[in-house]
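Trainee: Please find final_24.txt (compact mmCIF, C-alpha atoms) on the next line:
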# COMPACT_ATOMS: atom_id res chain seq x y z
CA MET X 1 7.39 9.80 -32.27
CA LYS X 2 10.47 11.36 -33.86
CA MET X 3 12.85 9.05 -35.70
CA GLU X 4 15.78 9.90 -33.42
CA HIS X 5 13.75 8.83 -30.39
CA MET X 6 12.88 5.50 -32.02
CA VAL X 7 16.53 4.91 -32.93
CA PHE X 8 17.53 5.72 -29.36
CA PHE X 9 15.07 3.21 -27.90
CA LEU X 10 16.09 0.45 -30.34
CA PHE X 11 19.76 1.17 -29.66
CA ARG X 12 19.24 0.90 -25.91
CA SER X 13 17.38 -2.40 -26.38
CA TYR X 14 20.21 -3.79 -28.47
CA GLN X 15 22.88 -2.46 -26.09
CA THR X 16 21.37 -4.24 -23.11
CA GLY X 17 20.94 -7.39 -25.10
CA ALA X 18 17.19 -7.34 -24.42
CA GLY X 19 16.30 -7.04 -28.10
CA LYS X 20 18.20 -10.14 -29.14
CA SER X 21 15.84 -12.86 -27.97
CA ILE X 22 12.25 -13.98 -27.68
CA GLY X 23 12.77 -13.61 -23.94
CA PHE X 24 12.75 -9.87 -24.47
CA VAL X 25 9.19 -9.99 -25.81
CA MET X 26 8.11 -12.34 -23.04
CA ALA X 27 9.67 -10.05 -20.45
CA LEU X 28 7.72 -7.08 -21.82
CA ILE X 29 4.47 -9.03 -21.65
CA ALA X 30 5.22 -10.06 -18.08
CA ILE X 31 5.94 -6.48 -17.06
CA MET X 32 2.75 -5.23 -18.70
CA ILE X 33 0.69 -7.86 -16.87
CA THR X 34 2.41 -7.16 -13.56
CA LEU X 35 2.04 -3.39 -13.78
CA ASN X 36 -1.32 -3.46 -15.58
CA ILE X 37 0.14 -1.36 -18.40
CA LYS X 38 -1.78 -0.96 -21.66
CA SER X 39 -0.08 -1.57 -24.99
CA SER X 40 -0.31 2.10 -25.97
CA PHE X 41 0.25 5.28 -23.98
CA ALA X 42 -1.40 8.66 -24.44
CA GLN X 43 1.90 10.30 -23.55
CA SER X 44 3.96 11.41 -26.54
CA LEU X 45 7.47 12.80 -26.81
CA ASP X 46 6.07 15.13 -29.48
CA ASP X 47 4.01 16.86 -26.78
CA TRP X 48 5.90 19.61 -24.92
CA PHE X 49 4.09 18.70 -21.71
CA TYR X 50 5.65 15.25 -21.72
CA ASN X 51 8.96 16.38 -23.21
CA PRO X 52 9.46 19.92 -21.86
CA PHE X 53 12.30 22.41 -22.47
CA ASN X 54 14.53 22.83 -25.46
CA SER X 55 17.71 21.13 -26.58
CA ASN X 56 19.94 23.74 -24.90
CA SER X 57 18.50 22.98 -21.47
CA ALA X 58 20.78 21.24 -18.99
CA ILE X 59 18.36 18.31 -18.67
CA ARG X 60 18.91 17.63 -22.38
CA ARG X 61 22.70 17.55 -22.01
CA PRO X 62 24.04 14.01 -22.08
CA ILE X 63 27.18 13.06 -20.18
CA GLY X 64 30.31 12.69 -22.30
CA THR X 65 33.13 10.18 -22.45
CA GLY X 66 35.43 12.84 -21.00
CA ALA X 67 33.52 13.04 -17.72
CA VAL X 68 35.67 12.79 -14.58
CA TYR X 69 33.96 11.19 -11.58
CA ALA X 70 34.77 11.67 -7.90
CA GLY X 71 36.76 8.70 -6.68
CA ASP X 72 36.25 6.62 -3.55
CA ASP X 73 38.67 8.85 -1.62
CA HIS X 74 36.84 12.07 -2.53
CA PRO X 75 34.90 13.60 0.41
CA ALA X 76 31.78 13.90 -1.76
CA THR X 77 31.84 10.13 -2.29
CA LYS X 78 32.66 9.30 1.33
CA THR X 79 29.78 11.37 2.70
CA TRP X 80 27.43 10.18 -0.08
CA LEU X 81 27.97 6.56 0.93
CA GLN X 82 27.23 7.30 4.58
CA HIS X 83 23.58 7.67 3.58
CA ASP X 84 21.47 4.54 3.20
CA GLY X 85 19.93 5.36 -0.15
CA MET X 86 17.32 7.57 -1.77
CA LYS X 87 13.61 7.65 -2.46
CA PHE X 88 11.05 9.15 -4.82
CA ASN X 89 8.77 11.96 -3.70
CA TYR X 90 5.67 13.36 -5.30
CA GLU X 91 3.72 14.12 -2.14
CA HIS X 92 2.65 17.73 -1.69
CA PRO X 93 4.12 19.87 -0.15
CA TYR X 94 7.62 18.56 -0.91
CA GLY X 95 7.31 16.80 -4.26
CA ALA X 96 6.93 18.16 -7.79
CA PRO X 97 3.27 17.84 -8.74
CA TYR X 98 2.37 19.48 -12.02
CA VAL X 99 -0.56 19.40 -14.37
CA ALA X 100 -1.66 20.62 -17.82
CA VAL X 101 -4.74 22.79 -18.31
CA ASP X 102 -6.53 23.95 -21.45
CA ASP X 103 -9.51 26.05 -22.52
CA THR X 104 -11.90 23.70 -20.71
CA ASP X 105 -10.42 24.67 -17.34
CA PRO X 106 -11.56 27.76 -15.41
CA VAL X 107 -9.55 30.96 -15.04
CA LYS X 108 -9.13 31.90 -11.39
CA THR X 109 -7.21 34.50 -9.45
CA VAL X 110 -4.35 33.09 -7.40
CA THR X 111 -3.99 35.50 -4.50
CA PHE X 112 -0.92 36.30 -2.47
CA ALA X 113 -0.86 34.94 1.08
CA PRO X 114 2.12 35.29 3.43
CA SER X 115 3.94 32.27 4.79
CA GLN X 116 7.11 31.41 6.67
CA ILE X 117 9.12 31.99 3.48
CA THR X 118 8.06 35.30 1.97
CA ARG X 119 10.58 36.60 -0.52
CA ASP X 120 9.42 38.41 -3.62
CA HIS X 121 5.86 37.71 -4.70
CA GLY X 122 6.73 37.06 -8.31
CA SER X 123 3.56 37.96 -10.22
CA LEU X 124 0.84 37.82 -7.59
CA PRO X 125 -2.06 38.11 -7.74
CA VAL X 126 -2.34 36.44 -11.13
CA ASP X 127 -5.27 35.24 -13.24
CA VAL X 128 -4.45 31.80 -14.55
CA ARG X 129 -6.21 28.64 -15.64
CA VAL X 130 -6.25 26.09 -12.85
CA PRO X 131 -7.42 22.46 -12.88
CA SER X 132 -11.18 22.17 -12.71
CA GLY X 133 -10.77 19.60 -9.94
CA ARG X 134 -8.81 19.78 -6.72
CA PHE X 135 -5.04 20.10 -7.28
CA PRO X 136 -2.83 18.91 -5.72
CA VAL X 137 -4.94 15.94 -4.76
CA ASN X 138 -3.22 14.99 -1.51
CA ASN X 139 -1.51 16.30 1.62
CA GLU X 140 -2.37 19.97 1.20
CA PRO X 141 -1.04 21.81 4.26
CA VAL X 142 -3.71 23.38 6.42
CA ASN X 143 -2.09 25.63 9.03
CA HIS X 144 1.52 25.15 8.00
CA TYR X 145 2.80 26.03 4.54
CA PRO X 146 6.23 24.53 3.87
CA ASP X 147 7.28 24.63 0.20
CA GLY X 148 3.98 23.60 -1.40
CA ALA X 149 5.54 24.01 -4.85
CA VAL X 150 3.45 23.09 -7.90
CA ALA X 151 3.51 23.82 -11.62
CA ILE X 152 0.55 24.44 -13.91
CA TYR X 153 1.17 24.29 -17.66
CA ASP X 154 -1.37 26.25 -19.72
CA ARG X 155 -1.66 24.75 -23.20
CA THR X 156 -3.43 27.89 -24.45
CA THR X 157 -0.42 30.13 -23.74
CA GLY X 158 2.52 27.73 -23.67
CA LEU X 159 3.47 29.06 -20.24
CA ILE X 160 4.34 27.14 -17.09
CA HIS X 161 3.25 28.82 -13.86
CA ASP X 162 5.43 27.80 -10.93
CA PHE X 163 3.82 28.48 -7.55
CA PHE X 164 5.39 28.35 -4.10
CA ASN X 165 3.23 27.73 -0.99
CA TYR X 166 0.33 26.92 -3.31
CA ARG X 167 -2.97 25.98 -1.62
CA TYR X 168 -6.17 24.96 -3.37
CA ASN X 169 -8.11 26.74 -0.60
CA ASP X 170 -11.54 25.36 -1.59
CA GLY X 171 -11.29 26.73 -5.11
CA ALA X 172 -9.91 30.17 -4.20
CA PRO X 173 -6.19 29.37 -4.61
CA LEU X 174 -3.43 31.08 -2.64
CA ALA X 175 0.33 31.19 -3.08
CA THR X 176 3.38 33.07 -1.86
CA ILE X 177 5.34 33.26 -5.12
CA ASN X 178 4.48 32.85 -8.81
CA ARG X 179 6.89 32.72 -11.72
CA ALA X 180 5.83 32.09 -15.32
CA HIS X 181 8.14 30.80 -18.06
CA ASP X 182 7.97 29.26 -21.53
CA ILE X 183 7.78 25.46 -21.72
CA LYS X 184 9.99 25.73 -24.82
CA GLY X 185 12.67 27.59 -22.88
CA LEU X 186 15.54 26.28 -20.74
CA GLY X 187 13.67 25.78 -17.48
CA HIS X 188 16.66 27.28 -15.63
CA GLY X 189 18.63 30.51 -15.46
CA THR X 190 21.96 31.35 -17.05
CA VAL X 191 23.48 33.93 -14.68
CA LEU X 192 23.86 34.14 -10.92
CA GLY X 193 20.68 35.18 -9.16
CA GLU X 194 18.34 34.56 -12.11
CA ARG X 195 15.29 32.61 -10.96
CA VAL X 196 13.08 30.95 -13.57
CA GLY X 197 11.08 28.71 -11.24
CA VAL X 198 10.49 28.46 -7.50
CA THR X 199 12.98 25.77 -6.47
CA ALA X 200 15.96 26.75 -4.30
CA THR X 201 18.27 26.77 -7.33
CA GLY X 202 15.89 28.77 -9.52
CA VAL X 203 14.95 25.90 -11.86
CA SER X 204 11.38 25.05 -12.79
CA ILE X 205 9.35 22.52 -10.83
CA MET X 206 8.84 20.60 -14.10
CA TRP X 207 12.54 20.69 -14.94
CA GLY X 208 13.96 17.17 -14.70
CA ALA X 209 11.14 15.84 -12.53
CA LEU X 210 10.60 12.15 -13.28
CA GLN X 211 7.27 11.41 -14.95
CA PRO X 212 5.98 8.02 -13.71
CA TRP X 213 4.67 7.00 -17.14
CA SER X 214 8.21 7.16 -18.52
CA LEU X 215 9.34 4.63 -15.93
CA GLU X 216 6.26 2.44 -16.17
CA LYS X 217 6.22 2.21 -19.97
CA PRO X 218 8.10 -0.95 -21.02
CA ASP X 219 11.30 -0.41 -23.00
CA HIS X 220 11.02 3.38 -22.82
CA ALA X 221 14.33 5.22 -22.47
CA ILE X 222 14.22 8.14 -20.02
CA GLY X 223 16.02 10.61 -22.24
CA HIS X 224 16.79 13.44 -19.84
CA ALA X 225 18.55 14.31 -16.61
CA LEU X 226 16.60 14.17 -13.35
CA GLN X 227 16.44 16.49 -10.37
CA ILE X 228 17.60 15.40 -6.92
CA LEU X 229 17.36 16.85 -3.42
CA LEU X 230 20.14 16.28 -0.90
CA PRO X 231 20.54 16.93 2.85
CA ARG X 232 22.05 20.32 3.69
CA HIS X 233 21.49 20.51 7.43
CA SER X 234 21.73 18.01 10.25
CA ARG X 235 18.48 16.53 11.47
CA ARG X 236 18.07 16.07 15.19
CA GLY X 237 19.21 12.57 16.11
CA ALA X 238 20.50 11.81 12.60
CA HIS X 239 24.04 10.61 12.04
CA GLN X 240 24.28 10.99 8.28
CA PRO X 241 26.37 13.95 7.09
CA GLN X 242 25.25 16.99 5.16
CA LEU X 243 25.82 16.64 1.42
CA ILE X 244 25.23 20.06 -0.20
CA SER X 245 27.95 22.71 0.04
CA LYS X 246 27.58 26.50 -0.15
CA GLU X 247 28.90 26.47 -3.73
CA ILE X 248 26.73 27.10 -6.80
CA GLN X 249 27.35 26.01 -10.38
CA TRP X 250 25.39 26.04 -13.63
CA PRO X 251 22.51 25.26 -14.12
CA ALA X 252 21.82 26.40 -10.54
CA THR X 253 21.77 30.18 -10.16
CA THR X 254 21.19 30.43 -6.41
CA GLY X 255 20.63 28.25 -3.34
CA ASP X 256 18.51 27.89 -0.22
CA GLY X 257 18.00 31.15 1.61
CA SER X 258 19.66 29.99 4.81
CA ALA X 259 22.57 28.21 3.09
CA GLY X 260 24.97 30.89 4.37
CA HIS X 261 24.30 29.89 7.97
CA PRO X 262 27.52 28.61 9.57
CA ASN X 263 25.92 25.29 10.60
CA GLU X 264 24.28 24.52 7.26
CA ASN X 265 25.51 23.42 3.84
CA LEU X 266 28.74 21.89 5.11
CA GLY X 267 28.86 19.17 2.45
CA TYR X 268 30.96 18.76 -0.70
CA ILE X 269 28.40 18.73 -3.53
CA PRO X 270 27.44 22.12 -5.02
CA TYR X 271 24.00 23.35 -5.93
CA GLY X 272 23.76 22.37 -9.60
CA GLY X 273 26.16 19.47 -9.02
CA LEU X 274 25.68 16.55 -11.39
CA MET X 275 25.43 13.10 -9.80
CA ALA X 276 25.69 10.13 -12.17
CA ILE X 277 26.61 6.47 -12.46
CA PRO X 278 30.02 6.10 -14.14
CA PRO X 279 30.06 3.81 -17.19
CA VAL X 280 32.07 0.61 -17.04
CA GLU X 281 34.96 2.30 -18.86
CA LYS X 282 35.24 4.78 -15.99
CA GLY X 283 35.10 2.20 -13.22
CA GLY X 284 31.32 2.01 -12.96
CA PRO X 285 29.20 -1.14 -12.74
CA ASP X 286 27.79 -3.31 -15.47
CA LEU X 287 24.17 -2.25 -14.98
CA ASN X 288 22.91 -5.58 -16.26
CA LYS X 289 24.63 -7.34 -13.37
CA LEU X 290 23.16 -5.24 -10.54
CA GLY X 291 20.03 -7.38 -10.30
CA LEU X 292 17.69 -4.51 -11.12
CA SER X 293 14.09 -4.80 -12.23
CA PRO X 294 13.42 -3.68 -15.85
CA PRO X 295 12.15 -0.23 -14.75
CA GLY X 296 15.06 0.07 -12.32
CA LEU X 297 17.51 -0.73 -15.11
CA ARG X 298 16.11 2.04 -17.29
CA LEU X 299 16.34 4.47 -14.38
CA ALA X 300 19.98 3.47 -13.88
CA GLU X 301 20.66 3.97 -17.60
CA ALA X 302 19.24 7.50 -17.41
CA LEU X 303 21.44 8.26 -14.41
CA ARG X 304 24.46 6.94 -16.28
CA ASP X 305 23.73 8.78 -19.54
CA TYR X 306 22.27 12.07 -18.21
CA GLY X 307 22.60 12.07 -14.41
CA ALA X 308 20.67 14.05 -11.80
CA TYR X 309 21.19 17.69 -10.83
CA VAL X 310 21.11 18.94 -7.24
CA VAL X 311 18.25 21.46 -7.19
CA ASP X 312 17.22 21.74 -3.55
CA GLY X 313 17.82 20.67 0.02
CA GLY X 314 15.86 17.90 1.73
CA GLN X 315 15.98 15.56 4.69
CA MET X 316 17.45 12.73 2.63
CA PRO X 317 18.44 12.10 -1.01
CA ILE X 318 15.23 12.36 -3.03
CA ILE X 319 14.39 12.15 -6.74
CA ARG X 320 11.35 14.30 -7.35
CA THR X 321 8.55 12.85 -9.44
CA THR X 322 5.50 14.50 -10.96
CA ALA X 323 2.87 12.05 -9.74
CA ASN X 324 2.45 8.84 -7.79
CA PHE X 325 3.66 5.53 -9.19
CA SER X 326 1.38 2.55 -9.43
CA PRO X 327 1.48 0.65 -6.12
CA SER X 328 3.14 -2.36 -7.73
CA LEU X 329 5.94 -0.29 -9.28
CA HIS X 330 6.47 1.67 -6.08
CA ASP X 331 6.89 -1.55 -4.13
CA GLN X 332 9.11 -3.05 -6.79
CA LEU X 333 11.53 -0.12 -6.66
CA HIS X 334 11.52 0.37 -2.89
CA HIS X 335 10.66 -2.74 -0.93
CA THR X 336 11.04 -5.97 -2.88
CA LYS X 337 13.89 -8.31 -3.71
CA THR X 338 15.49 -5.99 -6.25
CA ASP X 339 15.64 -2.94 -3.91
CA ASP X 340 16.54 -0.88 -6.96
CA LEU X 341 16.91 2.57 -5.45
CA LYS X 342 19.43 1.49 -2.82
CA LYS X 343 21.55 -0.33 -5.40
CA ILE X 344 21.44 2.59 -7.82
CA TYR X 345 22.23 5.15 -5.12
CA ARG X 346 25.43 3.44 -4.08
CA GLU X 347 26.80 3.61 -7.63
CA MET X 348 26.25 7.35 -8.16
CA ARG X 349 29.21 9.76 -8.10
CA LEU X 350 29.78 13.49 -8.55
CA VAL X 351 30.83 14.53 -12.07
CA LYS X 352 33.76 16.82 -11.30
CA ASN X 353 34.04 18.53 -14.69
CA SER X 354 30.37 19.08 -15.49
CA VAL X 355 31.13 22.82 -15.24
CA ILE X 356 34.46 24.63 -15.34
CA GLY X 357 35.49 27.88 -13.70
CA ALA X 358 32.62 28.14 -11.18
CA THR X 359 33.33 30.43 -8.20
CA ALA X 360 29.78 31.17 -7.06
CA ARG X 361 28.68 30.48 -3.49
CA MET X 362 26.13 31.52 -0.90
CA ARG X 363 27.44 34.37 1.25
CA ASP X 364 28.52 33.61 4.80
CA ASN X 365 26.12 36.03 6.42
CA PRO X 366 22.45 36.17 7.38
CA ASP X 367 21.55 38.58 4.57
CA ARG X 368 20.94 35.75 2.11
CA GLY X 369 22.35 36.07 -1.35
CA GLN X 370 25.16 34.81 -3.48
CA GLU X 371 28.32 35.98 -5.15
CA GLY X 372 30.66 34.80 -7.91
CA PHE X 373 30.35 33.10 -11.31
CA ILE X 374 28.32 29.92 -11.94
CA GLY X 375 30.87 28.66 -14.45
CA THR X 376 30.85 27.45 -18.03
CA PRO X 377 29.19 24.10 -18.76
CA THR X 378 31.08 21.47 -20.71
CA TRP X 379 28.99 19.96 -23.51
CA PRO X 380 28.40 17.06 -23.31
CA ALA X 381 29.01 17.03 -19.59
CA GLY X 382 32.72 16.44 -19.16
CA GLY X 383 33.42 16.69 -22.90
CA GLY X 384 34.18 13.92 -25.37
CA GLU X 385 31.52 11.90 -27.15
CA PRO X 386 27.97 11.89 -25.71
CA LEU X 387 26.80 8.68 -24.07
CA ALA X 388 23.26 9.26 -25.38
CA PRO X 389 21.41 11.61 -27.74
CA ASN X 390 19.92 15.00 -26.98
CA THR X 391 16.19 14.23 -26.98
CA GLY X 392 14.92 17.81 -26.99
CA MET X 393 12.09 18.27 -29.48
CA ASP X 394 14.15 20.84 -31.36
CA ALA X 395 17.42 18.88 -31.22
CA GLY X 396 17.38 18.00 -34.91
CA ASN X 397 19.45 14.85 -34.42
Could you rewrite the structure in this file as structure tokens?

Mentor:
Amino acid sequence: MKMEHMVFFLFRSYQTGAGKSIGFVMALIAIMITLNIKSSFAQSLDDWFYNPFNSNSAIRRPIGTGAVYAGDDHPATKTWLQHDGMKFNYEHPYGAPYVAVDDTDPVKTVTFAPSQITRDHGSLPVDVRVPSGRFPVNNEPVNHYPDGAVAIYDRTTGLIHDFFNYRYNDGAPLATINRAHDIKGLGHGTVLGERVGVTATGVSIMWGALQPWSLEKPDHAIGHALQILLPRHSRRGAHQPQLISKEIQWPATTGDGSAGHPNENLGYIPYGGLMAIPPVEKGGPDLNKLGLSPPGLRLAEALRDYGAYVVDGGQMPIIRTTANFSPSLHDQLHHTKTDDLKKIYREMRLVKNSVIGATARMRDNPDRGQEGFIGTPTWPAGGGEPLAPNTGMDAGN
């Protein structure tokens, strides 16, 4: 582990007060017993698979002390709080499953197959290493192919292959779109219309997706921004408002294809919008007094220090994860006394000055497409002093 990562973790422990007592050690032991976590993890922040994208990527950008947060009277906040909370999602076809392959995995041809959403094909057909076993492992669509986005990282080339409408298809994989990009790159575009991955905003599937090990590992700081999906159209019988607008700002470079429809994307949060928990100095909560579980507290710290970017539309607010959590951790975050996700959700606010000068938006016509400028990012987000370090492997802190 790099020295700056170790310093970051020790600093976070000290800041929360957890590292000041024997109770801290006892708490770690209790968590490890509860979650059946081993004392060492194979995951390493010196492995690009577990710490993808470089220090210039938006997910590496910490929030700054100059950040301005939407107040209680802002329409983005009012509509945000009309939703009950958020959830995690890994499940194919709407989550963010991804996997690493190497020279022990077979090379197969992923063939183009049409679906309901057939834009450009990307690079299909393509010969690529795929997992030797079935991937994804659950909920593969049979006759209906919504999203079905996955990412396969090939260690032999350093490339991530994003696939849309991916189906294992009994070992003869199919997809509608493929885009390949460097795991040491940004994971997102820099100009309007540039698509790196297959999400609605053009970012990679791996980009900002929460890796369960990083939440399950005791005392591990989640040193990057997350990706979040928000409602952009009204579900039948639902009373919660739409949250995503037709606007686009960096690091998003586009939006959902139907976002220009007059009845969709009527919210106040842009594609690429940064949602975060304000620090105490900006009117936010003392995270240690929210009654969160230890993993929930570390998630809240990440959302305070780095935030979550709006990358796609969904039926409810969703943080995408790369794999399933252990059953005990899933229940702890969702259903038990702490009810972490609901508490955290209610504290999140839009960072109003994450980007300046953005004019981009989805066109108000059925042709699909966008126009304008995605803006200039402030660095750190909002300016000022960063709340946390840049943990990119090339950051050189």

Trainee: Can you tell me, as a ChimeraX atom specification, what residues are no more than 7 Å from segment 102-118 of chain X when counting only C-alpha atoms, ignoring any on the same chain fewer than 4 positions away?

Mentor: /X:124-132,145,154-156,173-176

Trainee: Go ahead and save the residues from that selection, with C-alpha atoms, as a PDB file, in the coordinates of the input.

Mentor:
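What landed in selection_25.pdb:
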ATOM      1  CA  LEU X 124       0.840  37.820  -7.590  1.00  0.00           C
ATOM      2  CA  PRO X 125      -2.060  38.110  -7.740  1.00  0.00           C
ATOM      3  CA  VAL X 126      -2.340  36.440 -11.130  1.00  0.00           C
ATOM      4  CA  ASP X 127      -5.270  35.240 -13.240  1.00  0.00           C
ATOM      5  CA  VAL X 128      -4.450  31.800 -14.550  1.00  0.00           C
ATOM      6  CA  ARG X 129      -6.210  28.640 -15.640  1.00  0.00           C
ATOM      7  CA  VAL X 130      -6.250  26.090 -12.850  1.00  0.00           C
ATOM      8  CA  PRO X 131      -7.420  22.460 -12.880  1.00  0.00           C
ATOM      9  CA  SER X 132     -11.180  22.170 -12.710  1.00  0.00           C
ATOM     10  CA  TYR X 145       2.800  26.030   4.540  1.00  0.00           C
ATOM     11  CA  ASP X 154      -1.370  26.250 -19.720  1.00  0.00           C
ATOM     12  CA  ARG X 155      -1.660  24.750 -23.200  1.00  0.00           C
ATOM     13  CA  THR X 156      -3.430  27.890 -24.450  1.00  0.00           C
ATOM     14  CA  PRO X 173      -6.190  29.370  -4.610  1.00  0.00           C
ATOM     15  CA  LEU X 174      -3.430  31.080  -2.640  1.00  0.00           C
ATOM     16  CA  ALA X 175       0.330  31.190  -3.080  1.00  0.00           C
ATOM     17  CA  THR X 176       3.380  33.070  -1.860  1.00  0.00           C
TER      18      THR X 176
END

Trainee: I'd like the interatomic distance between atom CA of Phe373 of chain X and atom CA of Trp250 of chain X, to a tenth of an Å.

Mentor: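 Value for the atom CA of Phe373 of chain X-atom CA of Trp250 of chain X distance: 8.9 Å.
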
Trainee: For Ala308 of chain X, find every residue with an atom within 10 Å (counting all atoms listed in the file), except residues of its own chain fewer than 6 positions away, and show them as a list in words.

Mentor: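 Returned residues: Ile59, Gly208, Ala209, His224, Ala225, Leu226, Gln227, Ile228, Leu229, Gly272, Gly273, Leu274, Met275, Ala276, Ile277, Ala302, Ile319, Met348 and Leu350 of chain X.
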
Trainee: Keeping C-alpha atoms for every residue in the selection just given, could you write it to a file as a PDB file, in the frame of the given file?

Mentor:
ATOM      1  CA  ILE X  59      18.360  18.310 -18.670  1.00  0.00           C
ATOM      2  CA  GLY X 208      13.960  17.170 -14.700  1.00  0.00           C
ATOM      3  CA  ALA X 209      11.140  15.840 -12.530  1.00  0.00           C
ATOM      4  CA  HIS X 224      16.790  13.440 -19.840  1.00  0.00           C
ATOM      5  CA  ALA X 225      18.550  14.310 -16.610  1.00  0.00           C
ATOM      6  CA  LEU X 226      16.600  14.170 -13.350  1.00  0.00           C
ATOM      7  CA  GLN X 227      16.440  16.490 -10.370  1.00  0.00           C
ATOM      8  CA  ILE X 228      17.600  15.400  -6.920  1.00  0.00           C
ATOM      9  CA  LEU X 229      17.360  16.850  -3.420  1.00  0.00           C
ATOM     10  CA  GLY X 272      23.760  22.370  -9.600  1.00  0.00           C
ATOM     11  CA  GLY X 273      26.160  19.470  -9.020  1.00  0.00           C
ATOM     12  CA  LEU X 274      25.680  16.550 -11.390  1.00  0.00           C
ATOM     13  CA  MET X 275      25.430  13.100  -9.800  1.00  0.00           C
ATOM     14  CA  ALA X 276      25.690  10.130 -12.170  1.00  0.00           C
ATOM     15  CA  ILE X 277      26.610   6.470 -12.460  1.00  0.00           C
ATOM     16  CA  ALA X 302      19.240   7.500 -17.410  1.00  0.00           C
ATOM     17  CA  ILE X 319      14.390  12.150  -6.740  1.00  0.00           C
ATOM     18  CA  MET X 348      26.250   7.350  -8.160  1.00  0.00           C
ATOM     19  CA  LEU X 350      29.780  13.490  -8.550  1.00  0.00           C
TER      20      LEU X 350
END

Trainee: Residues near Gly283 of chain X, anyone? I mean within 12 Å using only C-alpha atoms, not counting same-chain ones fewer than 5 positions away, as JSON, numbers by chain.

Mentor: {"X": [67, 68, 69, 70, 71, 72, 277, 278, 347, 348, 349]}

Trainee: Near Thr378 of chain X, counting only C-alpha atoms, which residues have an atom at most 10 Å away, once you skip same-chain residues fewer than 3 positions from it, shown as a VMD selection string?

Mentor: chain X and resid 61 63 to 64 66 to 67 353 to 356 375 381 to 384

Trainee: Residues within 9 Å of (14.6, 30.5, -14.5), file coordinates, counting all atoms listed in the file: what are they? Give the list as a list in words.

Mentor: Arg179, Ala180, His181, Leu186, Gly187, His188, Gly189, Thr190, Glu194, Arg195, Val196, Gly197, Val198, Thr201, Gly202, Val203, Ser204 and Thr253 of chain X

Trainee: Padding 6 Å on each side, edges along x, y and z: where is the centre of the box around the listed atoms of segment 299-303 of chain X, and how long are its edges in Å to one decimal? Output it as AutoDock Vina command-line options.

Mentor:
--center_x 18.9 --center_y 5.9 --center_z -15.7 --size_x 17.1 --size_y 16.8 --size_z 15.7

Trainee: From the options X:Thr199, X:Pro136, X:Gly223, X:His74, which residue's atoms come nearest to Lys352 of chain X, counting all atoms listed in the file?

Mentor: X:His74

Trainee: Measuring between only C-alpha atoms, which one of X:Ala172, X:Ile205, X:Ala58, X:Ala76 shows the shortest distance to Leu266 of chain X?

Mentor: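 Residue with the minimum atom-to-atom distance to Leu266 of chain X: X:Ala76.
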
Trainee: Skip Asn263 of chain X itself and residues of its chain fewer than 3 positions away, then list as a PDB file with C-alpha atoms, in the frame of the given file all residues within 10 Å of it, counting all atoms listed in the file.

Mentor:
ATOM      1  CA  ARG X 232      22.050  20.320   3.690  1.00  0.00           C
ATOM      2  CA  HIS X 233      21.490  20.510   7.430  1.00  0.00           C
ATOM      3  CA  SER X 234      21.730  18.010  10.250  1.00  0.00           C
ATOM      4  CA  GLN X 242      25.250  16.990   5.160  1.00  0.00           C
ATOM      5  CA  SER X 258      19.660  29.990   4.810  1.00  0.00           C
ATOM      6  CA  ALA X 259      22.570  28.210   3.090  1.00  0.00           C
ATOM      7  CA  GLY X 260      24.970  30.890   4.370  1.00  0.00           C
ATOM      8  CA  LEU X 266      28.740  21.890   5.110  1.00  0.00           C
TER       9      LEU X 266
END

Trainee: What does the distance from atom CA of Asn178 of chain X to atom CA of Ile152 of chain X come to in Å, to one decimal?

Mentor: 10.6 Å

Trainee: Using Å and a single decimal, report how far atom CA of Ala360 of chain X sits from atom CA of His161 of chain X.

Mentor: 27.5 Å

Trainee: I need the residue nearest Phe49 of chain X from this list: X:Gln249, X:Ser293, X:Thr322, X:Asn165. Use only C-alpha atoms for the distance.

Mentor: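 Checking each candidate against Phe49 of chain X, we get X:Thr322 as the closest.
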
Trainee: Please work out which residues fall within 12 Å of (3.8, 17.4, -28.6), coordinates as given in the file, with only C-alpha atoms counting, and return them as an mmCIF file with C-alpha atoms, keeping the file's coordinate frame.

Mentor:
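Output below, filename part.cif:
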data_model
loop_
_atom_site.group_PDB
_atom_site.id
_atom_site.type_symbol
_atom_site.label_atom_id
_atom_site.label_comp_id
_atom_site.auth_asym_id
_atom_site.auth_seq_id
_atom_site.Cartn_x
_atom_site.Cartn_y
_atom_site.Cartn_z
ATOM 1 C CA MET X 1 7.390 9.800 -32.270
ATOM 2 C CA LYS X 2 10.470 11.360 -33.860
ATOM 3 C CA ALA X 42 -1.400 8.660 -24.440
ATOM 4 C CA GLN X 43 1.900 10.300 -23.550
ATOM 5 C CA SER X 44 3.960 11.410 -26.540
ATOM 6 C CA LEU X 45 7.470 12.800 -26.810
ATOM 7 C CA ASP X 46 6.070 15.130 -29.480
ATOM 8 C CA ASP X 47 4.010 16.860 -26.780
ATOM 9 C CA TRP X 48 5.900 19.610 -24.920
ATOM 10 C CA PHE X 49 4.090 18.700 -21.710
ATOM 11 C CA TYR X 50 5.650 15.250 -21.720
ATOM 12 C CA ASN X 51 8.960 16.380 -23.210
ATOM 13 C CA PRO X 52 9.460 19.920 -21.860
ATOM 14 C CA PHE X 53 12.300 22.410 -22.470
ATOM 15 C CA ARG X 155 -1.660 24.750 -23.200
ATOM 16 C CA GLY X 158 2.520 27.730 -23.670
ATOM 17 C CA ILE X 183 7.780 25.460 -21.720
ATOM 18 C CA LYS X 184 9.990 25.730 -24.820
ATOM 19 C CA GLY X 392 14.920 17.810 -26.990
ATOM 20 C CA MET X 393 12.090 18.270 -29.480
ATOM 21 C CA ASP X 394 14.150 20.840 -31.360
#
